[in-house]
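*Asks:* You'll find coords-v6.txt just under this line, and it carries compact mmCIF, C-alpha atoms.
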```
# COMPACT_ATOMS: atom_id res chain seq x y z
CA MET W 1 -212.31 90.09 -29.55
CA GLY W 2 -209.84 92.16 -31.57
CA LEU W 3 -207.27 94.56 -30.17
CA ARG W 4 -209.30 97.65 -31.09
CA THR W 5 -212.40 96.31 -29.38
CA ARG W 6 -210.47 95.29 -26.26
CA ILE W 7 -208.93 98.75 -25.88
CA ALA W 8 -212.27 100.46 -26.50
CA GLU W 9 -214.09 98.30 -23.96
CA GLU W 10 -211.40 98.79 -21.32
CA LEU W 11 -211.45 102.54 -21.90
CA LYS W 12 -215.23 102.64 -21.62
CA ALA W 13 -215.13 100.60 -18.41
CA THR W 14 -212.41 102.72 -16.81
CA VAL W 15 -213.71 106.15 -17.77
CA HIS W 16 -217.47 105.61 -18.01
CA GLY W 17 -218.14 102.52 -15.93
CA GLY W 18 -219.09 100.53 -19.01
CA ASP W 19 -222.36 102.46 -19.52
CA LEU W 20 -222.28 105.74 -21.45
CA LYS W 21 -225.82 106.60 -20.27
CA LEU W 22 -226.66 108.00 -23.70
CA GLU W 23 -230.14 108.99 -22.52
CA ARG W 24 -228.50 112.02 -20.88
CA TYR W 25 -227.41 113.26 -24.30
CA GLU W 26 -230.16 112.08 -26.68
CA GLY W 27 -233.04 114.28 -25.56
CA PRO W 28 -235.20 116.21 -25.19
CA ALA W 29 -235.28 117.14 -28.85
CA GLY W 30 -233.79 120.54 -29.59
CA ASP W 31 -232.55 121.09 -26.04
CA PRO W 32 -229.48 123.38 -26.27
CA GLY W 33 -227.76 121.94 -23.19
CA LEU W 34 -226.46 123.81 -20.19
CA LEU W 35 -223.72 125.70 -22.05
CA GLY W 36 -225.60 126.29 -25.28
CA ILE W 37 -222.64 125.10 -27.35
CA VAL W 38 -222.55 123.33 -30.73
CA PRO W 39 -219.91 121.28 -32.53
CA GLY W 40 -216.95 123.50 -33.36
CA ASP W 41 -217.34 125.71 -30.29
CA PRO W 42 -214.19 125.82 -28.12
CA ALA W 43 -215.72 123.99 -25.13
CA TRP W 44 -217.02 121.25 -27.44
CA GLN W 45 -213.61 120.85 -29.07
CA VAL W 46 -211.60 120.83 -25.84
CA HIS W 47 -213.89 118.53 -23.84
CA GLY W 48 -214.37 116.25 -26.81
CA HIS W 49 -210.67 115.50 -27.28
CA PRO W 50 -209.86 112.30 -25.33
CA THR W 51 -206.06 112.64 -25.24
CA GLY W 52 -206.09 116.24 -24.10
CA MET W 53 -208.75 115.50 -21.48
CA LEU W 54 -206.98 112.44 -20.08
CA ILE W 55 -203.59 114.11 -19.79
CA GLY W 56 -205.12 117.43 -18.77
CA GLY W 57 -207.18 115.62 -16.14
CA PHE W 58 -204.08 114.12 -14.53
CA ALA W 59 -202.40 117.54 -14.61
CA ALA W 60 -205.48 119.11 -13.01
CA LEU W 61 -205.40 116.64 -10.12
CA MET W 62 -201.75 117.47 -9.45
CA LEU W 63 -202.32 121.22 -9.67
CA GLN W 64 -205.47 121.13 -7.50
CA SER W 65 -203.56 119.21 -4.81
CA LEU W 66 -201.40 122.28 -4.15
CA HIS W 67 -204.20 124.08 -2.31
CA PRO W 68 -203.90 122.78 1.29
CA LEU W 69 -207.60 123.20 2.07
CA ALA W 70 -208.81 121.62 -1.16
CA MET W 71 -206.37 118.74 -0.68
CA ALA W 72 -207.46 118.25 2.93
CA GLY W 73 -211.03 117.79 1.75
CA VAL W 74 -209.99 115.20 -0.80
CA ASP W 75 -207.69 113.43 1.65
CA GLN W 76 -210.22 113.23 4.46
CA HIS W 77 -213.44 112.62 2.52
CA SER W 78 -212.69 111.15 -0.90
CA ASP W 79 -212.51 107.42 -1.62
CA PHE W 80 -209.90 107.93 -4.33
CA ARG W 81 -207.50 105.46 -2.67
CA SER W 82 -210.01 102.65 -2.20
CA ASP W 83 -211.96 103.29 -5.41
CA PRO W 84 -209.87 105.41 -7.82
CA VAL W 85 -211.78 104.14 -10.86
CA GLY W 86 -215.06 105.14 -9.24
CA ARG W 87 -213.81 108.67 -8.68
CA LEU W 88 -212.55 108.87 -12.27
CA ILE W 89 -215.92 107.69 -13.58
CA GLY W 90 -217.79 110.23 -11.46
CA THR W 91 -215.60 113.09 -12.65
CA ALA W 92 -215.79 112.04 -16.30
CA ARG W 93 -219.56 111.72 -16.17
CA PHE W 94 -219.91 115.14 -14.59
CA VAL W 95 -217.78 116.83 -17.26
CA THR W 96 -219.42 115.04 -20.19
CA THR W 97 -222.93 115.59 -18.84
CA THR W 98 -222.47 119.30 -18.19
CA THR W 99 -220.76 119.75 -21.57
CA PHE W 100 -222.72 117.53 -23.96
CA GLY W 101 -225.80 116.53 -21.98
CA SER W 102 -229.26 118.04 -22.00
CA ALA W 103 -229.95 120.96 -19.68
CA PRO W 104 -232.08 118.82 -17.31
CA ALA W 105 -229.33 116.16 -17.10
CA ALA W 106 -226.67 118.81 -16.45
CA HIS W 107 -228.72 120.51 -13.74
CA GLU W 108 -229.29 117.13 -12.09
CA ALA W 109 -225.52 116.42 -12.10
CA ILE W 110 -224.76 119.83 -10.59
CA ALA W 111 -227.43 119.43 -7.91
CA LEU W 112 -225.93 116.07 -6.90
CA VAL W 113 -222.44 117.56 -6.54
CA ARG W 114 -223.81 120.47 -4.52
CA ARG W 115 -225.50 118.04 -2.11
CA ILE W 116 -222.26 116.10 -1.70
CA HIS W 117 -220.32 119.31 -1.07
CA THR W 118 -222.54 120.25 1.87
CA ARG W 119 -221.26 117.16 3.71
CA VAL W 120 -217.56 117.73 2.98
CA ARG W 121 -216.11 119.89 5.73
CA GLY W 122 -213.48 119.58 8.41
CA THR W 123 -210.16 120.87 9.67
CA ALA W 124 -206.94 120.80 7.67
CA PRO W 125 -203.68 119.60 9.31
CA ASP W 126 -202.62 123.24 9.70
CA GLY W 127 -205.69 123.90 11.87
CA ARG W 128 -207.73 125.85 9.35
CA PRO W 129 -211.38 124.88 8.79
CA TYR W 130 -212.54 124.08 5.27
CA ARG W 131 -215.76 123.23 3.50
CA ALA W 132 -216.18 122.00 -0.05
CA ASP W 133 -218.91 124.54 -0.83
CA ASP W 134 -216.58 127.46 -0.07
CA PRO W 135 -216.87 129.73 -3.15
CA GLU W 136 -213.12 130.44 -3.15
CA LEU W 137 -212.22 126.74 -3.13
CA LEU W 138 -214.74 126.06 -5.89
CA THR W 139 -213.16 128.76 -8.02
CA TRP W 140 -209.70 127.27 -7.45
CA VAL W 141 -210.78 123.75 -8.36
CA HIS W 142 -212.52 124.98 -11.51
CA ILE W 143 -209.65 127.14 -12.73
CA ALA W 144 -207.02 124.48 -12.07
CA GLU W 145 -209.16 121.99 -13.99
CA VAL W 146 -210.06 124.02 -17.07
CA ARG W 147 -206.60 125.54 -17.34
CA CYS W 148 -205.17 122.01 -17.58
CA PHE W 149 -207.90 120.77 -19.95
CA LEU W 150 -207.12 123.64 -22.32
CA ALA W 151 -203.37 123.05 -22.04
CA GLY W 152 -203.94 119.39 -22.86
CA TYR W 153 -205.95 120.25 -25.94
CA GLN W 154 -203.51 122.89 -27.16
CA THR W 155 -200.65 120.39 -26.80
CA TYR W 156 -202.20 117.18 -28.16
CA ALA W 157 -204.85 118.25 -30.68
CA PRO W 158 -203.71 118.42 -34.31
CA GLN W 159 -202.03 121.75 -35.05
CA ARG W 160 -204.76 122.82 -37.48
CA LEU W 161 -207.46 122.37 -34.82
CA ARG W 162 -205.81 124.23 -31.95
CA LEU W 163 -207.54 127.31 -30.62
CA THR W 164 -206.61 130.90 -31.35
CA PRO W 165 -206.15 133.28 -28.40
CA ALA W 166 -209.69 134.60 -28.96
CA GLU W 167 -211.04 131.05 -28.95
CA CYS W 168 -209.16 130.29 -25.73
CA ASP W 169 -210.93 133.25 -24.14
CA ALA W 170 -214.23 131.92 -25.48
CA TYR W 171 -213.49 128.53 -23.92
CA TYR W 172 -213.09 130.05 -20.46
CA ARG W 173 -216.34 132.02 -20.93
CA GLN W 174 -218.26 128.98 -22.10
CA VAL W 175 -217.31 126.74 -19.15
CA ALA W 176 -217.62 129.38 -16.39
CA PRO W 177 -221.38 128.79 -15.82
CA VAL W 178 -220.70 125.28 -14.49
CA ALA W 179 -218.46 126.65 -11.74
CA GLU W 180 -220.92 129.44 -10.97
CA MET W 181 -223.82 127.00 -10.65
CA LEU W 182 -221.73 124.95 -8.22
CA GLY W 183 -221.26 128.08 -6.10
CA ALA W 184 -217.99 129.58 -7.33
CA GLU W 185 -217.71 133.35 -7.39
CA LYS W 186 -215.66 135.82 -9.44
CA VAL W 187 -214.78 133.11 -11.96
CA PRO W 188 -212.11 134.26 -14.46
CA CYS W 189 -213.55 134.24 -17.96
CA ASN W 190 -210.55 134.77 -20.24
CA ALA W 191 -206.90 133.74 -20.41
CA GLN W 192 -205.58 136.99 -18.98
CA GLU W 193 -207.92 136.79 -16.00
CA VAL W 194 -206.92 133.16 -15.42
CA GLU W 195 -203.22 134.05 -15.31
CA ARG W 196 -203.89 136.98 -12.96
CA TYR W 197 -205.91 134.68 -10.73
CA LEU W 198 -203.09 132.11 -10.61
CA ASP W 199 -200.55 134.82 -9.77
CA HIS W 200 -202.83 136.03 -6.97
CA ILE W 201 -203.39 132.62 -5.41
CA ARG W 202 -199.85 131.27 -5.70
CA PRO W 203 -198.77 132.40 -2.20
CA GLN W 204 -201.52 130.15 -0.77
CA LEU W 205 -200.29 127.05 -2.61
CA ARG W 206 -197.86 124.47 -1.33
CA ALA W 207 -197.33 120.72 -1.44
CA THR W 208 -198.58 119.16 1.78
CA ARG W 209 -197.85 115.55 2.70
CA ALA W 210 -201.32 114.63 1.41
CA ALA W 211 -200.54 116.30 -1.94
CA SER W 212 -197.28 114.41 -2.32
CA ASP W 213 -198.99 111.15 -1.37
CA SER W 214 -201.74 111.73 -3.92
CA VAL W 215 -199.24 112.34 -6.74
CA ARG W 216 -197.40 109.13 -5.84
CA PHE W 217 -200.70 107.29 -5.81
CA LEU W 218 -201.62 108.62 -9.25
CA ARG W 219 -198.28 107.56 -10.71
CA GLY W 220 -198.88 103.98 -9.57
CA PHE W 221 -202.57 103.87 -10.49
CA GLY W 222 -203.80 100.94 -12.59
CA ARG W 223 -205.50 97.58 -12.14
CA THR W 224 -203.18 95.70 -14.51
CA GLY W 225 -199.55 95.99 -15.54
CA HIS W 226 -200.28 97.49 -18.94
CA GLU W 227 -202.81 99.92 -17.44
CA ARG W 228 -200.20 101.10 -14.94
CA LEU W 229 -197.71 101.55 -17.79
CA VAL W 230 -200.15 103.69 -19.77
CA VAL W 231 -200.98 105.78 -16.70
CA ARG W 232 -197.28 106.33 -15.99
CA MET W 233 -196.76 107.59 -19.56
CA LEU W 234 -199.78 109.89 -19.35
CA MET W 235 -198.69 111.17 -15.95
CA ASN W 236 -195.25 112.01 -17.32
CA ALA W 237 -196.96 113.94 -20.10
CA ALA W 238 -199.22 115.66 -17.56
CA VAL W 239 -196.17 116.98 -15.73
CA GLY W 240 -195.34 118.89 -18.90
CA LEU W 241 -198.68 120.72 -18.75
CA LEU W 242 -198.05 122.12 -15.28
CA PRO W 243 -196.71 125.64 -14.87
CA ASP W 244 -193.05 125.71 -13.88
CA TRP W 245 -193.92 126.84 -10.36
CA GLY W 246 -196.35 123.93 -10.01
CA ARG W 247 -193.64 121.39 -10.79
CA THR W 248 -191.30 123.15 -8.36
CA GLU W 249 -193.86 123.11 -5.54
CA LEU W 250 -194.51 119.39 -6.10
CA GLY W 251 -190.79 118.63 -6.16
CA ILE W 252 -190.96 117.19 -9.69
CA ARG W 253 -187.58 117.48 -11.37
CA ARG W 254 -188.14 116.19 -14.88
CA PRO W 255 -185.79 117.85 -17.38
CA ALA W 256 -187.32 119.93 -20.15
CA ALA W 257 -185.57 117.75 -22.73
CA ALA W 258 -187.24 114.62 -21.35
CA ARG W 259 -190.63 116.32 -21.31
CA SER W 260 -190.43 117.56 -24.91
CA CYS W 261 -188.36 114.83 -26.60
CA TRP W 262 -189.74 111.75 -24.86
CA ASP W 263 -192.87 112.33 -22.78
CA ARG W 264 -194.82 114.30 -25.37
CA PRO W 265 -194.11 112.04 -28.38
CA VAL W 266 -194.85 108.90 -26.35
CA ALA W 267 -198.12 110.37 -25.04
CA THR W 268 -199.07 111.42 -28.57
CA VAL W 269 -198.73 107.82 -29.76
CA VAL W 270 -200.69 106.52 -26.75
CA GLY W 271 -203.38 109.12 -27.32
CA ARG W 272 -203.76 108.34 -31.01
CA THR W 273 -204.06 104.66 -30.15
CA ILE W 274 -206.84 105.46 -27.67
CA GLU W 275 -208.61 107.66 -30.22
CA TRP W 276 -208.30 104.96 -32.91
CA ALA W 277 -209.74 102.34 -30.58
CA ARG W 278 -212.60 104.54 -29.39
CA GLY W 279 -213.61 105.70 -32.85
CA PRO W 280 -216.24 108.45 -33.23
CA SER W 281 -217.66 109.52 -29.87
CA GLU W 282 -221.08 108.00 -29.18
CA ILE W 283 -221.72 110.73 -26.61
CA GLN W 284 -221.03 113.55 -29.03
CA ALA W 285 -223.08 111.84 -31.74
CA ALA W 286 -226.03 111.56 -29.34
CA ALA W 287 -225.70 115.24 -28.41
CA GLN W 288 -225.63 116.22 -32.07
CA ARG W 289 -228.80 114.23 -32.74
CA ARG W 290 -230.51 116.05 -29.87
CA LEU W 291 -229.42 119.44 -31.16
CA ALA W 292 -230.55 118.61 -34.69
CA SER W 293 -233.96 117.28 -33.60
CA VAL W 294 -237.03 119.45 -33.93
CA PRO W 295 -238.94 119.92 -30.66
CA PRO W 296 -242.52 118.66 -30.76
CA VAL W 297 -245.13 121.32 -31.49
CA ASP W 298 -247.73 121.71 -28.76
CA ALA W 299 -251.22 120.99 -29.90
```
Just give me the structure of the file as structure tokens.
*Replies:*
Amino acid sequence: MGLRTRIAEELKATVHGGDLKLERYEGPAGDPGLLGIVPGDPAWQVHGHPTGMLIGGFAALMLQSLHPLAMAGVDQHSDFRSDPVGRLIGTARFVTTTTFGSAPAAHEAIALVRRIHTRVRGTAPDGRPYRADDPELLTWVHIAEVRCFLAGYQTYAPQRLRLTPAECDAYYRQVAPVAEMLGAEKVPCNAQEVERYLDHIRPQLRATRAASDSVRFLRGFGRTGHERLVVRMLMNAAVGLLPDWGRTELGIRRPAAARSCWDRPVATVVGRTIEWARGPSEIQAAAQRRLASVPPVDA
């Protein structure tokens, strides 16, 4: 097995569990998918860029951890410590299915998450009750996630492919239905609304002990030495995607020079290696075949 194949197989196993489940993307013929997007649309571009999504995903986990109630739910109910790869696979499948999958597959994924959320409830260390289906928490988790995905794309996609301000607004509009179907309310749908939302929620955010523990866990994540090295490099790059106040809250003191002159170039090389090994996306190719297929004509 050559180097390219080994990297591709390891990536597929870590992110997708070894099975891409292409049946979620292949049909039914002509199905527009949940978001109704096509190749070239902002959501397709952002969610189809592996480097931006990997680094943005790590940044999203760090940013999401700053909400004490959201972090309490993860800390008390998630199996991320005992099965971090399983959680990564579940998250990746949800994003790819709702973005590139057929509408029935996307609705099935959303219904599963909604059922799980009904069982996630409890009391945070500060005494406040929480529940995972709280519309406000769902909005926070969504905005922290897509804000970081977009930042990852805008940083690591080739310059000529990066989105214009109008396309960034379109991206937020295109992905909002997923959050709304999960139960989120008043979901910001453009960049200005996202920034206003973050300014509004900032007083509620702080790094709890669980948040700090989760960041330390992420930095040491990996089943092998080389996997841990790659994760450490991607995590360093993810720190650069956080807003300044997010790094401050998490107590991360990584100089701007290190972030721009070391972390970003190193992550760019790692990302291009991953993209080279993966080759053209089988998931996106399956989705394109579905979109291009002609639905059967009823007799």
*Asks:* What is the CA of Pro68 in chain W-CA of Phe80 in chain W distance in Å, reported with one decimal?
*Replies:*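 Separation between CA of Pro68 in chain W and CA of Phe80 in chain W: 17.0 Å.
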*Asks:* What is the CA of Leu61 in chain W to CA of Thr155 in chain W distance in Å?
*Replies:*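 Computing the Euclidean distance for CA of Leu61 in chain W and CA of Thr155 in chain W yields 17.7 Å.
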*Asks:* Have a look at W:Gln284, W:Gln154, W:Ser214, W:Thr5 and name the one nearest to Thr97 in chain W; count only C-alpha atoms.
*Replies:*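 Among the listed residues, W:Gln284 lies closest to Thr97 in chain W.
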*Asks:* From the list W:Ile283, W:Leu241, W:Ile116, W:Ile7, which residue is nearest Asp263 in chain W when using only C-alpha atoms?
*Replies:*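 Distance minimum relative to Asp263 in chain W lands on W:Leu241.
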*Asks:* Nearest residue to Arg81 in chain W out of W:Gly222, W:Pro296, W:Gly36, W:Gly279, using only C-alpha atoms?
*Replies:* W:Gly222
*Asks:* Which is closer to Ser65 in chain W than all the others in W:Val175, W:Leu137, W:Ala292, W:Ala257, using only C-alpha atoms?
*Replies:*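 Looking at the shortest contact to Ser65 in chain W, the residue is W:Leu137.
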*Asks:* Calculated over only C-alpha atoms, which of the candidates W:Gly30, W:Pro50, W:Pro84, W:Pro203 has the smallest distance to His67 in chain W?
*Replies:* W:Pro203
*Asks:* Considering all atoms listed in the file, state which residue in the set W:Glu180, W:Leu35, W:Gln45, W:Val270 is at the smallest distance from Glu227 in chain W.
*Replies:*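 Of the candidates, the smallest distance to Glu227 in chain W is held by W:Val270.
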*Asks:* Would you compute the distance between CA of Asp133 in chain W and CA of Asp75 in chain W? Give it in Å to one decimal.
*Replies:*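 One can read the CA of Asp133 in chain W to CA of Asp75 in chain W distance as 16.0 Å.
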*Asks:* With the cut-off set at 12 Å and counting all atoms listed in the file, tabulate each residue of range 131-208 of chain W with an atom at most that distance from an atom of range 231-240 of chain W, showing the nearest atom pair and its distance in Å to one decimal, ordered by chain and increasing number, as CSV.
*Replies:*
```
residue,atom,partner,partner_atom,distance
W:Cys148,CA,W:Ala238,CA,8.7
W:Phe149,CA,W:Ala238,CA,10.4
W:Ala151,CA,W:Gly240,CA,9.6
W:Gly152,CA,W:Ala238,CA,8.0
W:Tyr153,CA,W:Ala238,CA,11.7
W:Thr155,CA,W:Gly240,CA,9.6
W:Tyr156,CA,W:Ala237,CA,10.1
```
*Asks:* Hey, could you make a per-residue contact list for range 33-89 of chain W against range 159-173 of chain W with 9 Å as the cut-off, showing the nearest pair of atoms and its distance in Å to one decimal, counting only C-alpha atoms, sorted by chain and number, as CSV?
*Replies:*
```
residue,atom,partner,partner_atom,distance
W:Asp41,CA,W:Tyr171,CA,8.0
W:Pro42,CA,W:Tyr171,CA,5.0
W:Ala43,CA,W:Tyr171,CA,5.2
W:Trp44,CA,W:Tyr171,CA,8.8
W:Gln45,CA,W:Leu161,CA,8.6
W:Val46,CA,W:Tyr171,CA,8.2
```
*Asks:* Show me, as number ranges by chain, the residues that have an atom within 12 Å of His117 in chain W when counting all atoms listed in the file, minus same-chain residues fewer than 4 positions from it.
*Replies:* W: 70, 73-74, 77-78, 110-113, 121-122, 130-135, 137-138, 182-183
*Asks:* Fewer than 5 positions away in the same chain doesn't count, so skip those; otherwise give me all residues within 9 Å of His142 in chain W, counting only C-alpha atoms, as JSON, numbers by chain.
*Replies:* {"W": [64, 137, 147, 176, 178, 179, 184, 187]}
*Asks:* With C-alpha atoms retained, could you export that selection as a compact mmCIF listing (two decimals), keeping the file's coordinate frame?
*Replies:*
```txt
# COMPACT_ATOMS: atom_id res chain seq x y z
CA GLN W 64 -205.47 121.13 -7.50
CA LEU W 137 -212.22 126.74 -3.13
CA ARG W 147 -206.60 125.54 -17.34
CA ALA W 176 -217.62 129.38 -16.39
CA VAL W 178 -220.70 125.28 -14.49
CA ALA W 179 -218.46 126.65 -11.74
CA ALA W 184 -217.99 129.58 -7.33
CA VAL W 187 -214.78 133.11 -11.96
```
*Asks:* Determine, counting all atoms listed in the file, which protein, DNA and RNA residues have an atom within 12 Å of an atom of Glu23 in chain W; residues of the same chain fewer than 3 positions away are not included. Present the result as a list in words.
*Replies:*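 So, after excluding close chain neighbours, the residues are Asp19, Leu20, Glu26, Gly27, Pro28, Ala29, Thr97, Phe100, Gly101, Ser102, Pro104, Ala105, Glu282, Ile283, Ala285, Ala286, Ala287, Arg289 and Arg290 of chain W.
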*Asks:* Could range 246-263 of chain W be completed with N, CA, C and O atoms and written as a JSON list (two decimals), keeping the file's coordinate frame, please?
*Replies:*
```json
[["chain", "number", "residue", "atom", "x", "y", "z"],
["W", 246, "GLY", "N", -195.63, 125.09, -10.51],
["W", 246, "GLY", "CA", -196.35, 123.93, -10.01],
["W", 246, "GLY", "C", -195.45, 122.71, -9.87],
["W", 246, "GLY", "O", -195.51, 121.99, -8.86],
["W", 247, "ARG", "N", -194.60, 122.49, -10.88],
["W", 247, "ARG", "CA", -193.64, 121.39, -10.79],
["W", 247, "ARG", "C", -192.68, 121.61, -9.63],
["W", 247, "ARG", "O", -192.35, 120.67, -8.90],
["W", 248, "THR", "N", -192.24, 122.85, -9.45],
["W", 248, "THR", "CA", -191.30, 123.15, -8.36],
["W", 248, "THR", "C", -191.93, 122.87, -7.01],
["W", 248, "THR", "O", -191.32, 122.24, -6.14],
["W", 249, "GLU", "N", -193.18, 123.32, -6.81],
["W", 249, "GLU", "CA", -193.86, 123.11, -5.54],
["W", 249, "GLU", "C", -194.03, 121.62, -5.25],
["W", 249, "GLU", "O", -193.92, 121.18, -4.09],
["W", 250, "LEU", "N", -194.30, 120.82, -6.28],
["W", 250, "LEU", "CA", -194.51, 119.39, -6.10],
["W", 250, "LEU", "C", -193.20, 118.61, -6.03],
["W", 250, "LEU", "O", -193.21, 117.40, -5.80],
["W", 251, "GLY", "N", -192.08, 119.30, -6.22],
["W", 251, "GLY", "CA", -190.79, 118.63, -6.16],
["W", 251, "GLY", "C", -190.52, 117.72, -7.34],
["W", 251, "GLY", "O", -189.75, 116.76, -7.23],
["W", 252, "ILE", "N", -191.15, 118.01, -8.49],
["W", 252, "ILE", "CA", -190.96, 117.19, -9.69],
["W", 252, "ILE", "C", -189.81, 117.78, -10.50],
["W", 252, "ILE", "O", -189.88, 118.91, -10.96],
["W", 253, "ARG", "N", -188.77, 117.00, -10.64],
["W", 253, "ARG", "CA", -187.58, 117.48, -11.37],
["W", 253, "ARG", "C", -187.40, 116.65, -12.64],
["W", 253, "ARG", "O", -186.54, 115.79, -12.73],
["W", 254, "ARG", "N", -188.24, 116.90, -13.60],
["W", 254, "ARG", "CA", -188.14, 116.19, -14.88],
["W", 254, "ARG", "C", -187.60, 117.17, -15.90],
["W", 254, "ARG", "O", -188.23, 118.18, -16.20],
["W", 255, "PRO", "N", -186.43, 116.89, -16.47],
["W", 255, "PRO", "CA", -185.79, 117.85, -17.38],
["W", 255, "PRO", "C", -186.68, 118.22, -18.55],
["W", 255, "PRO", "O", -187.48, 117.41, -19.04],
["W", 256, "ALA", "N", -186.54, 119.46, -19.02],
["W", 256, "ALA", "CA", -187.32, 119.93, -20.15],
["W", 256, "ALA", "C", -187.10, 119.06, -21.38],
["W", 256, "ALA", "O", -188.03, 118.81, -22.16],
["W", 257, "ALA", "N", -185.87, 118.59, -21.57],
["W", 257, "ALA", "CA", -185.57, 117.75, -22.73],
["W", 257, "ALA", "C", -186.36, 116.45, -22.68],
["W", 257, "ALA", "O", -186.88, 115.97, -23.69],
["W", 258, "ALA", "N", -186.47, 115.86, -21.50],
["W", 258, "ALA", "CA", -187.24, 114.62, -21.35],
["W", 258, "ALA", "C", -188.72, 114.87, -21.61],
["W", 258, "ALA", "O", -189.41, 114.05, -22.23],
["W", 259, "ARG", "N", -189.21, 116.01, -21.13],
["W", 259, "ARG", "CA", -190.63, 116.32, -21.31],
["W", 259, "ARG", "C", -190.97, 116.52, -22.78],
["W", 259, "ARG", "O", -192.01, 116.04, -23.26],
["W", 260, "SER", "N", -190.12, 117.23, -23.51],
["W", 260, "SER", "CA", -190.43, 117.56, -24.91],
["W", 260, "SER", "C", -190.01, 116.48, -25.90],
["W", 260, "SER", "O", -190.69, 116.26, -26.90],
["W", 261, "CYS", "N", -188.90, 115.80, -25.63],
["W", 261, "CYS", "CA", -188.36, 114.83, -26.60],
["W", 261, "CYS", "C", -188.79, 113.40, -26.35],
["W", 261, "CYS", "O", -188.63, 112.54, -27.24],
["W", 262, "TRP", "N", -189.32, 113.12, -25.16],
["W", 262, "TRP", "CA", -189.74, 111.75, -24.86],
["W", 262, "TRP", "C", -191.21, 111.70, -24.41],
["W", 262, "TRP", "O", -192.02, 111.03, -25.04],
["W", 263, "ASP", "N", -191.53, 112.44, -23.34],
["W", 263, "ASP", "CA", -192.87, 112.33, -22.78],
["W", 263, "ASP", "C", -193.96, 112.71, -23.78],
["W", 263, "ASP", "O", -194.96, 112.00, -23.92]]
```
